[in-house]
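Asker: Below is start.txt; it holds compact mmCIF, C-alpha atoms and all ligand atoms.
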# COMPACT_ATOMS: atom_id res chain seq x y z
CA MET L 1 38.30 -3.28 -9.54
CA GLU L 2 37.02 -0.10 -7.84
CA ARG L 3 38.29 0.26 -4.29
CA PHE L 4 34.75 0.64 -2.88
CA ILE L 5 33.74 -2.87 -3.94
CA SER L 6 34.02 -5.60 -1.32
CA PRO L 7 36.37 -8.46 -2.29
CA ARG L 8 33.46 -10.89 -1.97
CA TYR L 9 31.91 -9.41 -5.14
CA GLU L 10 35.04 -9.35 -7.28
CA GLN L 11 34.76 -12.93 -8.43
CA GLU L 12 31.09 -12.65 -9.40
CA ILE L 13 31.64 -9.41 -11.29
CA LEU L 14 34.75 -10.60 -13.09
CA THR L 15 33.50 -14.04 -14.05
CA ASP L 16 29.84 -13.42 -14.88
CA TYR L 17 29.02 -9.73 -15.04
CA PRO L 18 25.92 -10.24 -17.27
CA ALA L 19 24.41 -12.54 -14.62
CA PHE L 20 25.18 -9.93 -11.96
CA VAL L 21 23.22 -7.32 -13.95
CA ARG L 22 20.35 -9.75 -14.57
CA ARG L 23 20.17 -10.57 -10.86
CA ILE L 24 19.80 -6.89 -9.97
CA ARG L 25 17.17 -6.24 -12.63
CA ALA L 26 15.23 -9.38 -11.64
CA GLY L 27 15.17 -8.21 -8.01
CA MET L 28 13.78 -4.84 -9.05
CA ASP L 29 11.22 -6.39 -11.37
CA ASP L 30 10.07 -9.17 -9.02
CA THR L 31 10.08 -7.54 -5.58
CA GLY L 32 10.55 -3.85 -6.39
CA MET L 33 14.02 -3.72 -4.90
CA ALA L 34 17.33 -5.42 -5.49
CA VAL L 35 19.75 -5.68 -2.60
CA LEU L 36 23.50 -6.21 -2.83
CA GLU L 37 24.41 -7.29 0.67
CA ASP L 38 27.77 -6.13 2.03
CA PHE L 39 28.66 -4.63 -1.31
CA LEU L 40 30.86 -1.87 0.08
CA HIS L 41 34.40 -2.62 1.13
CA PRO L 42 34.49 -2.40 4.95
CA ALA L 43 37.35 0.14 4.92
CA PHE L 44 35.43 2.27 2.44
CA LEU L 45 32.29 2.16 4.60
CA ASP L 46 34.41 3.41 7.52
CA GLU L 47 35.49 6.30 5.35
CA LEU L 48 31.87 7.14 4.54
CA ARG L 49 31.03 7.10 8.24
CA SER L 50 33.74 9.68 8.95
CA SER L 51 32.42 11.82 6.09
CA VAL L 52 28.98 11.74 7.72
CA GLU L 53 30.46 13.05 10.98
CA ARG L 54 32.14 15.85 9.09
CA LEU L 55 29.07 16.67 6.97
CA THR L 56 26.42 16.59 9.71
CA PRO L 57 27.01 20.19 10.91
CA GLN L 58 26.69 21.38 7.29
CA CYS L 59 23.21 19.87 7.13
CA TYR L 60 22.01 21.77 10.17
CA GLN L 61 22.62 25.48 9.80
CA ASN L 62 20.14 28.29 10.38
CA GLY L 63 17.76 26.03 12.30
CA LYS L 64 16.78 23.94 9.29
CA ARG L 65 17.90 20.67 7.76
CA LYS L 66 19.41 20.82 4.33
CA PRO L 67 19.98 17.82 2.08
CA LEU L 68 23.49 17.75 0.66
CA ILE L 69 23.51 17.57 -3.11
CA GLY L 70 25.95 17.71 -6.00
CA LYS L 71 29.04 19.75 -5.17
CA ASP L 72 28.29 19.62 -1.41
CA LEU L 73 29.57 16.06 -1.71
CA ALA L 74 32.69 16.76 -3.78
CA ASP L 75 35.80 14.98 -2.49
CA THR L 76 33.80 12.35 -0.63
CA GLY L 77 33.34 8.64 -1.19
CA PHE L 78 29.70 9.38 -2.11
CA TYR L 79 30.86 11.30 -5.15
CA GLU L 80 33.43 8.66 -5.97
CA VAL L 81 30.80 5.89 -6.08
CA ALA L 82 28.14 7.94 -7.85
CA PHE L 83 30.36 9.02 -10.74
CA SER L 84 32.48 5.90 -11.02
CA ASP L 85 32.74 4.22 -14.41
CA PHE L 86 31.49 1.08 -12.70
CA MET L 87 28.20 2.64 -11.52
CA ILE L 88 27.51 4.48 -14.78
CA ARG L 89 28.02 1.28 -16.70
CA LEU L 90 25.92 -0.74 -14.24
CA ALA L 91 23.04 1.77 -14.41
CA ASN L 92 23.12 1.68 -18.20
CA ASP L 93 23.25 -2.09 -18.32
CA ILE L 94 20.25 -2.33 -15.97
CA LEU L 95 18.25 0.26 -17.92
CA GLU L 96 19.11 -0.96 -21.39
CA VAL L 97 15.97 -3.13 -21.65
CA PHE L 98 13.84 0.01 -21.24
CA ASN L 99 15.63 1.73 -24.12
CA VAL L 100 17.10 4.21 -21.62
CA GLN L 101 20.67 5.50 -21.41
CA VAL L 102 22.23 7.87 -18.87
CA GLN L 103 25.49 9.81 -18.80
CA GLY L 104 27.52 11.59 -16.13
CA SER L 105 25.40 14.75 -16.32
CA ASP L 106 22.29 12.67 -15.49
CA ILE L 107 23.71 11.51 -12.15
CA HIS L 108 22.75 13.33 -8.97
CA PRO L 109 23.92 12.12 -5.57
CA ALA L 110 21.98 13.39 -2.54
CA MET L 111 22.69 12.82 1.11
CA ASN L 112 20.07 12.93 3.85
CA ILE L 113 21.40 13.08 7.39
CA LEU L 114 18.47 12.92 9.77
CA VAL L 115 18.75 13.62 13.49
CA GLY L 116 16.72 15.57 16.05
CA ASP L 117 13.49 17.50 15.48
CA GLN L 118 14.81 19.24 12.38
CA GLY L 119 15.57 15.85 10.87
CA GLN L 120 11.88 14.91 10.96
CA ASP L 121 11.00 16.94 7.86
CA THR L 122 11.16 14.05 5.39
CA VAL L 123 9.62 11.44 7.66
CA LYS L 124 6.48 10.04 6.02
CA GLY L 125 7.03 12.38 3.10
CA TRP L 126 5.99 9.73 0.59
CA HIS L 127 6.90 10.51 -3.01
CA PHE L 128 8.01 9.29 -6.41
CA ASP L 129 11.59 10.13 -7.38
CA ALA L 130 12.07 11.72 -10.78
CA THR L 131 14.60 9.01 -11.64
CA TYR L 132 14.81 5.91 -13.76
CA LEU L 133 17.03 4.27 -11.20
CA THR L 134 17.73 5.19 -7.59
CA ILE L 135 20.44 3.47 -5.58
CA ALA L 136 20.28 3.87 -1.81
CA MET L 137 23.62 3.64 -0.05
CA PRO L 138 22.89 3.74 3.70
CA VAL L 139 25.79 4.69 5.96
CA VAL L 140 24.37 5.09 9.47
CA MET L 141 21.03 3.57 10.48
CA PRO L 142 19.15 3.46 13.80
CA ALA L 143 19.18 0.21 15.75
CA ALA L 144 16.16 -1.91 14.79
CA GLY L 145 13.12 -1.26 16.97
CA GLU L 146 10.09 0.96 17.04
CA ARG L 147 10.28 4.12 14.95
CA ASP L 148 13.61 3.02 13.48
CA GLY L 149 13.27 4.92 10.20
CA LYS L 150 12.41 2.03 7.91
CA PHE L 151 12.29 2.57 4.19
CA ARG L 152 8.77 1.93 2.89
CA ILE L 153 8.03 1.24 -0.76
CA TRP L 154 5.02 0.72 -3.02
CA PRO L 155 7.05 -0.87 -5.81
CA ASN L 156 6.50 -0.51 -9.54
CA VAL L 157 3.05 1.03 -9.36
CA ARG L 158 3.48 2.71 -12.75
CA ARG L 159 5.58 2.63 -15.90
CA PHE L 160 8.04 5.21 -17.10
CA SER L 161 6.24 7.97 -18.96
CA GLN L 162 7.03 11.44 -20.23
CA SER L 163 3.44 12.64 -19.99
CA PRO L 164 3.01 15.45 -17.42
CA LEU L 165 -0.72 14.80 -17.30
CA GLN L 166 -0.26 11.16 -16.39
CA ASN L 167 2.40 12.13 -13.89
CA ARG L 168 0.06 14.52 -12.11
CA LEU L 169 -2.68 11.92 -12.08
CA TYR L 170 -0.45 9.33 -10.40
CA CYS L 171 0.90 11.81 -7.85
CA ASN L 172 -2.65 12.78 -6.91
CA LEU L 173 -3.82 9.17 -6.67
CA ALA L 174 -0.83 8.24 -4.51
CA ARG L 175 -1.82 10.90 -1.98
CA ILE L 176 -5.08 9.10 -1.22
CA ASP L 177 -4.61 7.22 2.08
CA ALA L 178 -7.18 4.54 1.33
CA LEU L 179 -5.57 3.73 -2.01
CA ARG L 180 -2.12 3.52 -0.47
CA ARG L 181 -3.38 1.08 2.11
CA MET L 182 -4.80 -1.17 -0.61
CA VAL L 183 -1.69 -1.33 -2.76
CA ARG L 184 1.08 -3.80 -1.95
CA ASN L 185 3.85 -2.18 0.04
CA TYR L 186 6.53 -3.20 2.49
CA ALA L 187 9.17 -1.74 4.75
CA VAL L 188 12.83 -2.64 5.12
CA ASN L 189 15.53 -1.74 7.58
CA PHE L 190 18.40 -0.44 5.51
CA VAL L 191 21.73 -1.97 6.47
CA PRO L 192 24.93 0.08 6.02
CA GLY L 193 27.27 -1.55 3.51
CA ASN L 194 24.35 -2.84 1.41
CA LEU L 195 23.17 -1.20 -1.80
CA TYR L 196 19.45 -1.00 -2.63
CA PHE L 197 18.23 -0.54 -6.21
CA PHE L 198 14.74 0.55 -7.26
CA TYR L 199 12.98 2.30 -10.14
CA GLY L 200 12.53 5.73 -8.52
CA PHE L 201 9.92 7.10 -10.93
CA ARG L 202 7.89 3.92 -10.80
CA SER L 203 7.92 3.29 -7.05
CA TYR L 204 6.20 5.38 -4.37
CA HIS L 205 8.36 5.42 -1.25
CA GLY L 206 9.85 7.26 1.68
CA THR L 207 11.06 7.08 5.25
CA ASP L 208 8.77 5.69 7.93
CA GLU L 209 8.60 6.95 11.49
CA LEU L 210 11.92 7.82 13.05
CA ASP L 211 12.88 8.32 16.69
CA ASN L 212 14.36 11.84 16.79
CA THR L 213 17.19 10.78 19.11
CA GLN L 214 18.57 8.49 16.40
CA LEU L 215 20.96 9.36 13.61
CA ARG L 216 20.05 8.19 10.10
CA ALA L 217 22.35 8.89 7.16
CA ASN L 218 21.45 7.66 3.70
CA CYS L 219 22.95 8.59 0.35
CA LEU L 220 20.72 8.39 -2.73
CA ILE L 221 22.31 8.11 -6.13
CA ASN L 222 19.83 9.33 -8.73
CA PHE L 223 20.09 8.33 -12.39
CA GLY L 224 18.27 10.31 -15.06
CA GLY L 225 14.50 10.26 -15.45
CA PRO L 226 11.68 10.70 -17.99
CA PHE L 227 11.30 14.45 -17.50
CA PHE L 228 15.03 15.17 -17.51
CA ASP L 229 15.14 13.45 -20.89
CA ARG L 230 12.07 15.38 -22.03
CA GLU L 231 13.70 18.70 -21.08
CA LYS L 232 16.72 17.70 -23.11
CA GLY L 233 14.46 17.10 -26.10
CA ARG L 234 14.84 13.34 -25.89
CA VAL L 235 11.48 11.73 -26.60
CA ILE L 236 11.71 8.10 -25.60
CA LYS L 237 9.60 5.14 -26.50
CA TYR L 238 10.04 3.00 -23.41
CA ALA L 239 10.56 -0.60 -24.45
CA ARG L 240 8.74 -1.84 -21.34
O1 LIG L 301 16.21 7.48 2.99
C1 LIG L 301 15.06 7.16 2.67
O2 LIG L 301 14.36 6.46 3.40
C2 LIG L 301 14.49 7.59 1.36
C3 LIG L 301 14.89 8.96 0.93
C4 LIG L 301 14.35 9.28 -0.43
O3 LIG L 301 13.56 8.57 -0.96
C5 LIG L 301 14.78 10.49 -1.15
O4 LIG L 301 15.54 11.28 -0.59
O5 LIG L 301 14.36 10.67 -2.30
FE FE L 302 13.02 9.21 -2.91
Could you rewrite the structure in this file as structure tokens?
Ligand SMILES: O=C(O)CCC(=O)C(=O)O
Ligand SMILES: [Fe+2]
Answerer:
Amino acid sequence: MERFISPRYEQEILTDYPAFVRRIRAGMDDTGMAVLEDFLHPAFLDELRSSVERLTPQCYQNGKRKPLIGKDLADTGFYEVAFSDFMIRLANDILEVFNVQVQGSDIHPAMNILVGDQGQDTVKGWHFDATYLTIAMPVVMPAAGERDGKFRIWPNVRRFSQSPLQNRLYCNLARIDALRRMVRNYAVNFVPGNLYFFYGFRSYHGTDELDNTQLRANCLINFGGPFFDREKGRVIKYAR
């Protein structure tokens, strides 16, 4: 078993892995997000926290915040989780019912460390991800309260599609405040150690208001997406 997995999940994964996959997919389908509580091994989470301390200065150079992506995260636990055989297999098992498959080159980890005024750039920057599947792996989160940087999501508002025209239409519609207010959405406080799964392309989302004195570090693991497949010449008939 991978060292980042908490012992409390070993039994479930070893004895009934198909049910584990179904549980995650059902969470995403029914509520828009699946949560694996305390999934990370506590010692591994500690390691991620130290990486955040080390990486924070790298995010704030030249007076601007920079997300850390790809090779910026080499030799960290973020990389280790993102490219593990376990995660690649899990992503593929979740996405199988859509007739979607991903491989190592389709995986893109990204780390957002938000703190101070320069860390406000993504706050309320609502968007769709390009991905089939996004896994959020929070590492440091503000204490619950006002402006605590909740994650807000409008889940599953569209299907996967490789049509640029349809994509533009949805992105334009989602920018309309009145429409956003009418569509079901909710906010959650991410908890470090938990993993959160959602269909990135299908779900409008982002970070809600954040107190600039608080540190917020979240790693996103991005898996494939309709337009990445399109660029690769893969035309897909999505099974659902
Ligand atoms: O950390 C968050 O609240 C979401 C970040 C996000 O959606 C992204 O970076 O694509
Ligand atoms: Fe996102």
Asker: Please identify the residues whose atoms come within 9 Å of ligand FE 302 (chain L), using only C-alpha atoms and all ligand atoms, and report them as a list of chain:residue names.
Answerer: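 For ligand FE 302 (chain L), the residues inside 9 Å are L:Trp126, L:His127, L:Phe128, L:Asp129, L:Ala130, L:Thr131, L:Thr134, L:Gly200, L:Phe201, L:Ser203, L:Tyr204, L:His205, L:Gly206, L:Thr207, L:Leu220, L:Asn222.
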Asker: Given all atoms listed in the file as the basis, pick out the residue of L:Arg159, L:Arg152, L:Arg168, L:Lys237 nearest to Tyr186 of chain L.
Answerer: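 Among the listed residues, L:Arg152 lies closest to Tyr186 of chain L.
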Asker: What is the atom CA of Val81 of chain L to atom CA of Arg22 of chain L distance in Å?
Answerer: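 Separation between atom CA of Val81 of chain L and atom CA of Arg22 of chain L: 20.6 Å.
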Asker: When you count all atoms listed in the file, which of these residues is closest to Ser84 of chain L: L:Glu2, L:Glu12, L:Glu146, L:Asp38?
Answerer: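 The shortest atom-to-atom distance to Ser84 of chain L comes from L:Glu2.
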Asker: Do you have the atom CA of Ile5 of chain L-atom CA of Asp93 of chain L distance handy?
Answerer: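 Those two atoms sit 17.8 Å apart.
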Asker: In terms of the shortest atom-to-atom distance over all atoms listed in the file, which of L:Gly145, L:Gly233, L:Pro138, L:Pro155 is closest to ligand LIG 301 (chain L)?
Answerer: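 Selected residue with least distance to ligand LIG 301 (chain L): L:Pro138.
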Asker: Once 4 Å is added on each side, what centre and edge lengths in Å to one decimal does the axis-aligned box around all listed atoms of segment 139-154 of chain L have, as lines of an AutoDock Vina configuration file?
Answerer:
center_x = 15.4
center_y = 1.6
center_z = 7.0
size_x = 28.8
size_y = 15.0
size_z = 28.1
Asker: Phe151 of chain L: which residues within 7 Å, counting only C-alpha atoms, same-chain residues fewer than 4 positions away excluded, as a list in words?
Answerer: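 What passes the distance filter is Ala187, Val188, Asn189, Phe190, Gly206, Thr207 and Asp208 of chain L.
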Asker: Calculated over all atoms listed in the file, which of the candidates L:Thr76, L:Asn112, L:Ser161, L:Asn185 has the smallest distance to ligand LIG 301 (chain L)?
Answerer: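 Smallest separation from ligand LIG 301 (chain L) among the options: L:Asn112.
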Asker: To one decimal place in Å, what is the distance between atom CA of Tyr238 of chain L and atom CA of Ser163 of chain L?
Answerer: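 Answer for the atom CA of Tyr238 of chain L to atom CA of Ser163 of chain L separation: 12.2 Å.
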Asker: Between L:Gln101, L:Ile94, L:Val140, L:Leu36, which one has atoms that come closest to Ser51 of chain L, using all atoms listed in the file?
Answerer: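 Counting all atoms listed in the file, the residue closest to Ser51 of chain L is L:Val140.
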Asker: Which one of L:Arg23, L:Arg158, L:His41, L:His108 sits closest to ligand LIG 301 (chain L) if you count all atoms listed in the file?
Answerer: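 That would be L:His108, the residue with the smallest distance to ligand LIG 301 (chain L).
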Asker: Quick one: residues within 8 Å of Ile135 of chain L, all atoms listed in the file, excluding same-chain residues fewer than 4 positions away - as a list in words?
Answerer: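 Everything that qualifies: Leu195, Tyr196, Phe197, Phe198, Leu220, Ile221 and Asn222 of chain L.
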Asker: If we count only C-alpha atoms, what is near Asp75 of chain L at a cut-off of 12 Å, once residues fewer than 4 positions away on the same chain are taken out, given as a list in words?
Answerer: Glu47, Leu48, Ser51, Leu55, Gly70, Lys71, Tyr79, Glu80, Val81, Ala82 and Phe83 of chain L
